[in-house]
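**Q** Attaching a single structure in structure tokens format; questions to follow.
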Amino acid sequence: MSLERYKLFFRELPETVILIDMGCRIRACNTSAEKLLGHSEESLRGKRIQDLLSSPPLMSLLDEAIAFSRTPSLNHENSIIELTKGDKKEYFKVSMNFFGAQAPKEKFLLLILTDITVLKEIEQHKTDFFATASHEFRTPLTSIFMGVGMIKTGQLGQISPKGRELLEAIESDCTRLLRLANNLLDLSRMETGSISMELEDVSAYDIIDAALATLKLQAEHKNISLYTKVPGDPPLVKADVNKIIWVVTNLVGNALRYTGVKGSIIVKALRKGTKVIFSVQDTGKGIPPEYHDKIFQKFVQVDGGSGGAGLGLAICKEIVEAHGGEIWLKSEPGKGSTFSFSIPVGRS
């Protein structure tokens with residue numbers, strides 16, 4: 001198909017479509033692109049896209065695509081870019097694809113930007129709601145929790161065994177709801193970038209050791225073997241210690257819930273280039289394939305789960321990505337699961 005026929009095909013598409021040659025110069029664009037860039041197609045032709053769009057993440061993707069002559073790996077995080085028009089921010093989802101002959105002069109990159117500003121605004125409203133609701137929940141829940149504790153200790157008089165049983169049930173529910181409120185508040189802060197990161201160089205071994213300290217007794221009670229596998233000279237990572245310990249604790253805690261008696265869990269840390277890869281491998285029941293792509297989303301629970309709110313892995317993802325890392329899953333039903341994440345290596 002000729003270039004002119006391609007142009008006819010995408011001219012009136014609602015998405016912003018820009019055709020770029022291997023020199024990053026615009027060869028063609030559609031009506032939506034003209035509106036976004038503020039110029040007609042005729043005046044845009046031959047101009048470098050770097051001179052027209054101010055978006056370092058997008059330029060990074062384009063540089064990678066042109067340098068290696070292949071479409072870069074796009075995911076939910078790196079495919080969403082922010083563009084500023086006047087005093088207004090707009091958000092677009094990026095997709096791109098090569099077509100044409102193998103010769104550089106006959107090869108083109110089709111860049112498509114889909115406006116998702118409305119969706120981002122809805123997501124922000126939802127985040128704000130969760131933050132407000134969580135904050136409002138915490139105060140009365142804390143008061144209830146403290147009141148139940150006072151009654152249980154007999155400060156307000158003796159209670160019957162059945163009364164104590166009821167109070168323990170109330171205390172358990174309050175603890176669960178308070179944890180949910182705290183998780184929602186933490187998640188909303190991370191999503192808005194308002195949670196601070198206190199980075200320092202720390203040993204990967206120390207992180208794992210601190211995370212497992214609170215879980216060893218639980219593993220013993222379930223007769224589950226808990227192993228660590230870290231090099232003799234443990235790599236350093238650049239991390240917010242408390243937050244990364246929380247991530248490892250959460251992953252191992254999940255593994256304990258889904259691993260049966262006499263099972264095993266291995267926690268590893270290994271340097272790979274400029275990253276340190278942490279992994280938690282269990283011999284549990286595994287996770288069905290249909291959950292692999294959405295397991296790190298908010299409120300997602302695997303069938304037969306522990307009845308939690310489905311926020312732990314979403315928070316893990318936010319923390320890891322705030323460190324500049326990635327988190328992923330490998331699992332097969334009946335053969336266990338391995339959750340892994342990467343964070344930058346520290347200075348030796």
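Ordering of the structure tokens sets the chain letters (A, B, ...), residue numbers begin anew at 1 in every chain, and ligands are numbered from 1 in the order given.
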Where in range 36-195 of chain A does DSSP assign strand (DSSP E), given as a list in words?

**A** Ile80, Ile81, Glu82, Leu83, Thr84, Lys85, Lys88, Lys89, Glu90, Tyr91, Phe92, Lys93, Val94, Ser95, Met96, Asn97, Phe98, Phe99, Gly100, Lys107, Phe108, Leu109, Leu110, Leu111, Ile112, Leu113, Thr114 and Asp115 of chain A

**Q** DSSP on the backbone: what in range 98-225 of chain A comes out helix (DSSP H, G or I), as a PyMOL selection string?

**A** chain A and resi 104-106+117-152+161-191+204-213+216-221

**Q** Considering only C-alpha atoms, return as a list in words whatever protein or nucleic-acid residues lie within 7 Å of Gly46 in chain A, sequence-local ones (same chain, fewer than 2 positions apart) excluded.

**A** Arg25, Ile26, Arg27, Leu44 and Arg48 of chain A

**Q** Write out, as a PDB file, in the first residue's frame, the residues just selected, with C-alpha atoms.

**A**
```pdb
ATOM      1  CA  ARG A  25      10.584  13.650  10.812  1.00  0.00           C
ATOM      2  CA  ILE A  26       6.848  13.867  10.251  1.00  0.00           C
ATOM      3  CA  ARG A  27       5.788  12.518   6.852  1.00  0.00           C
ATOM      4  CA  LEU A  44       4.220  19.990   9.867  1.00  0.00           C
ATOM      5  CA  ARG A  48      11.184  16.714  13.774  1.00  0.00           C
TER       6      ARG A  48
END
```

**Q** Pick out the residues sitting within 12 Å of Gly149 in chain A, and hand them over as a PDB file with N, CA, C and O atoms, in the first residue's frame; count only C-alpha atoms, and ignore anything fewer than 2 positions along from it in its own chain.

**A**
```pdb
ATOM      1  N   THR A 142     -10.038   3.577  65.218  1.00  0.00           N
ATOM      2  CA  THR A 142      -9.029   3.605  66.281  1.00  0.00           C
ATOM      3  C   THR A 142      -9.686   3.732  67.648  1.00  0.00           C
ATOM      4  O   THR A 142      -9.291   3.063  68.611  1.00  0.00           O
ATOM      5  N   SER A 143     -10.729   4.563  67.730  1.00  0.00           N
ATOM      6  CA  SER A 143     -11.444   4.736  68.999  1.00  0.00           C
ATOM      7  C   SER A 143     -12.129   3.442  69.426  1.00  0.00           C
ATOM      8  O   SER A 143     -12.074   3.053  70.599  1.00  0.00           O
ATOM      9  N   ILE A 144     -12.777   2.777  68.459  1.00  0.00           N
ATOM     10  CA  ILE A 144     -13.434   1.493  68.768  1.00  0.00           C
ATOM     11  C   ILE A 144     -12.406   0.470  69.231  1.00  0.00           C
ATOM     12  O   ILE A 144     -12.616  -0.250  70.219  1.00  0.00           O
ATOM     13  N   PHE A 145     -11.296   0.421  68.525  1.00  0.00           N
ATOM     14  CA  PHE A 145     -10.235  -0.529  68.854  1.00  0.00           C
ATOM     15  C   PHE A 145      -9.718  -0.310  70.281  1.00  0.00           C
ATOM     16  O   PHE A 145      -9.539  -1.256  71.048  1.00  0.00           O
ATOM     17  N   MET A 146      -9.492   0.942  70.640  1.00  0.00           N
ATOM     18  CA  MET A 146      -8.996   1.263  71.982  1.00  0.00           C
ATOM     19  C   MET A 146     -10.047   0.951  73.044  1.00  0.00           C
ATOM     20  O   MET A 146      -9.735   0.419  74.119  1.00  0.00           O
ATOM     21  N   GLY A 147     -11.331   1.243  72.725  1.00  0.00           N
ATOM     22  CA  GLY A 147     -12.401   0.951  73.679  1.00  0.00           C
ATOM     23  C   GLY A 147     -12.544  -0.535  73.939  1.00  0.00           C
ATOM     24  O   GLY A 147     -12.703  -0.967  75.099  1.00  0.00           O
ATOM     25  N   ILE A 151     -12.114  -2.631  77.587  1.00  0.00           N
ATOM     26  CA  ILE A 151     -13.118  -3.550  78.130  1.00  0.00           C
ATOM     27  C   ILE A 151     -12.510  -4.933  78.339  1.00  0.00           C
ATOM     28  O   ILE A 151     -12.740  -5.594  79.370  1.00  0.00           O
ATOM     29  N   LYS A 152     -11.710  -5.386  77.361  1.00  0.00           N
ATOM     30  CA  LYS A 152     -11.105  -6.716  77.469  1.00  0.00           C
ATOM     31  C   LYS A 152     -10.191  -6.848  78.676  1.00  0.00           C
ATOM     32  O   LYS A 152     -10.107  -7.920  79.290  1.00  0.00           O
ATOM     33  N   THR A 153      -9.492  -5.774  79.022  1.00  0.00           N
ATOM     34  CA  THR A 153      -8.567  -5.838  80.161  1.00  0.00           C
ATOM     35  C   THR A 153      -9.270  -5.701  81.498  1.00  0.00           C
ATOM     36  O   THR A 153      -8.618  -5.737  82.545  1.00  0.00           O
ATOM     37  N   GLY A 154     -10.602  -5.540  81.478  1.00  0.00           N
ATOM     38  CA  GLY A 154     -11.359  -5.466  82.735  1.00  0.00           C
ATOM     39  C   GLY A 154     -11.371  -4.104  83.388  1.00  0.00           C
ATOM     40  O   GLY A 154     -11.801  -3.975  84.545  1.00  0.00           O
ATOM     41  N   GLN A 155     -10.941  -3.078  82.697  1.00  0.00           N
ATOM     42  CA  GLN A 155     -10.903  -1.740  83.286  1.00  0.00           C
ATOM     43  C   GLN A 155     -12.299  -1.197  83.562  1.00  0.00           C
ATOM     44  O   GLN A 155     -12.469  -0.305  84.400  1.00  0.00           O
ATOM     45  N   LEU A 156     -13.304  -1.734  82.858  1.00  0.00           N
ATOM     46  CA  LEU A 156     -14.675  -1.273  83.062  1.00  0.00           C
ATOM     47  C   LEU A 156     -15.538  -2.348  83.705  1.00  0.00           C
ATOM     48  O   LEU A 156     -16.768  -2.317  83.635  1.00  0.00           O
ATOM     49  N   ARG A 164     -16.237 -11.913  76.185  1.00  0.00           N
ATOM     50  CA  ARG A 164     -14.857 -11.798  75.728  1.00  0.00           C
ATOM     51  C   ARG A 164     -14.725 -12.313  74.293  1.00  0.00           C
ATOM     52  O   ARG A 164     -13.992 -11.720  73.474  1.00  0.00           O
ATOM     53  N   LEU A 167     -16.006  -9.651  72.023  1.00  0.00           N
ATOM     54  CA  LEU A 167     -15.063  -8.542  71.946  1.00  0.00           C
ATOM     55  C   LEU A 167     -13.867  -8.883  71.054  1.00  0.00           C
ATOM     56  O   LEU A 167     -13.363  -8.040  70.309  1.00  0.00           O
ATOM     57  N   GLU A 168     -13.397 -10.123  71.129  1.00  0.00           N
ATOM     58  CA  GLU A 168     -12.277 -10.544  70.294  1.00  0.00           C
ATOM     59  C   GLU A 168     -12.658 -10.538  68.815  1.00  0.00           C
ATOM     60  O   GLU A 168     -11.839 -10.187  67.954  1.00  0.00           O
ATOM     61  N   ALA A 169     -13.929 -10.904  68.531  1.00  0.00           N
ATOM     62  CA  ALA A 169     -14.406 -10.863  67.145  1.00  0.00           C
ATOM     63  C   ALA A 169     -14.467  -9.410  66.650  1.00  0.00           C
ATOM     64  O   ALA A 169     -14.076  -9.110  65.516  1.00  0.00           O
ATOM     65  N   ILE A 170     -14.960  -8.515  67.529  1.00  0.00           N
ATOM     66  CA  ILE A 170     -15.029  -7.095  67.173  1.00  0.00           C
ATOM     67  C   ILE A 170     -13.616  -6.546  66.955  1.00  0.00           C
ATOM     68  O   ILE A 170     -13.357  -5.815  65.999  1.00  0.00           O
ATOM     69  N   GLU A 171     -12.690  -6.914  67.832  1.00  0.00           N
ATOM     70  CA  GLU A 171     -11.310  -6.452  67.724  1.00  0.00           C
ATOM     71  C   GLU A 171     -10.674  -6.934  66.427  1.00  0.00           C
ATOM     72  O   GLU A 171      -9.955  -6.184  65.754  1.00  0.00           O
ATOM     73  N   SER A 172     -10.954  -8.181  66.061  1.00  0.00           N
ATOM     74  CA  SER A 172     -10.401  -8.737  64.831  1.00  0.00           C
ATOM     75  C   SER A 172     -10.926  -7.984  63.609  1.00  0.00           C
ATOM     76  O   SER A 172     -10.173  -7.644  62.695  1.00  0.00           O
ATOM     77  N   CYS A 174     -12.138  -4.905  63.597  1.00  0.00           N
ATOM     78  CA  CYS A 174     -11.586  -3.542  63.632  1.00  0.00           C
ATOM     79  C   CYS A 174     -10.154  -3.517  63.087  1.00  0.00           C
ATOM     80  O   CYS A 174      -9.779  -2.597  62.355  1.00  0.00           O
ATOM     81  N   THR A 175      -9.378  -4.527  63.460  1.00  0.00           N
ATOM     82  CA  THR A 175      -8.000  -4.619  62.971  1.00  0.00           C
ATOM     83  C   THR A 175      -7.970  -4.745  61.457  1.00  0.00           C
ATOM     84  O   THR A 175      -7.180  -4.084  60.772  1.00  0.00           O
TER      85      THR A 175
END
```

**Q** For Ala210 in chain A, which residue among A:Thr84, A:Asn183, A:Asn242, A:Ser32 is the nearest when counting only C-alpha atoms?

**A**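 Using only C-alpha atoms, the shortest distance to Ala210 in chain A belongs to A:Asn242.
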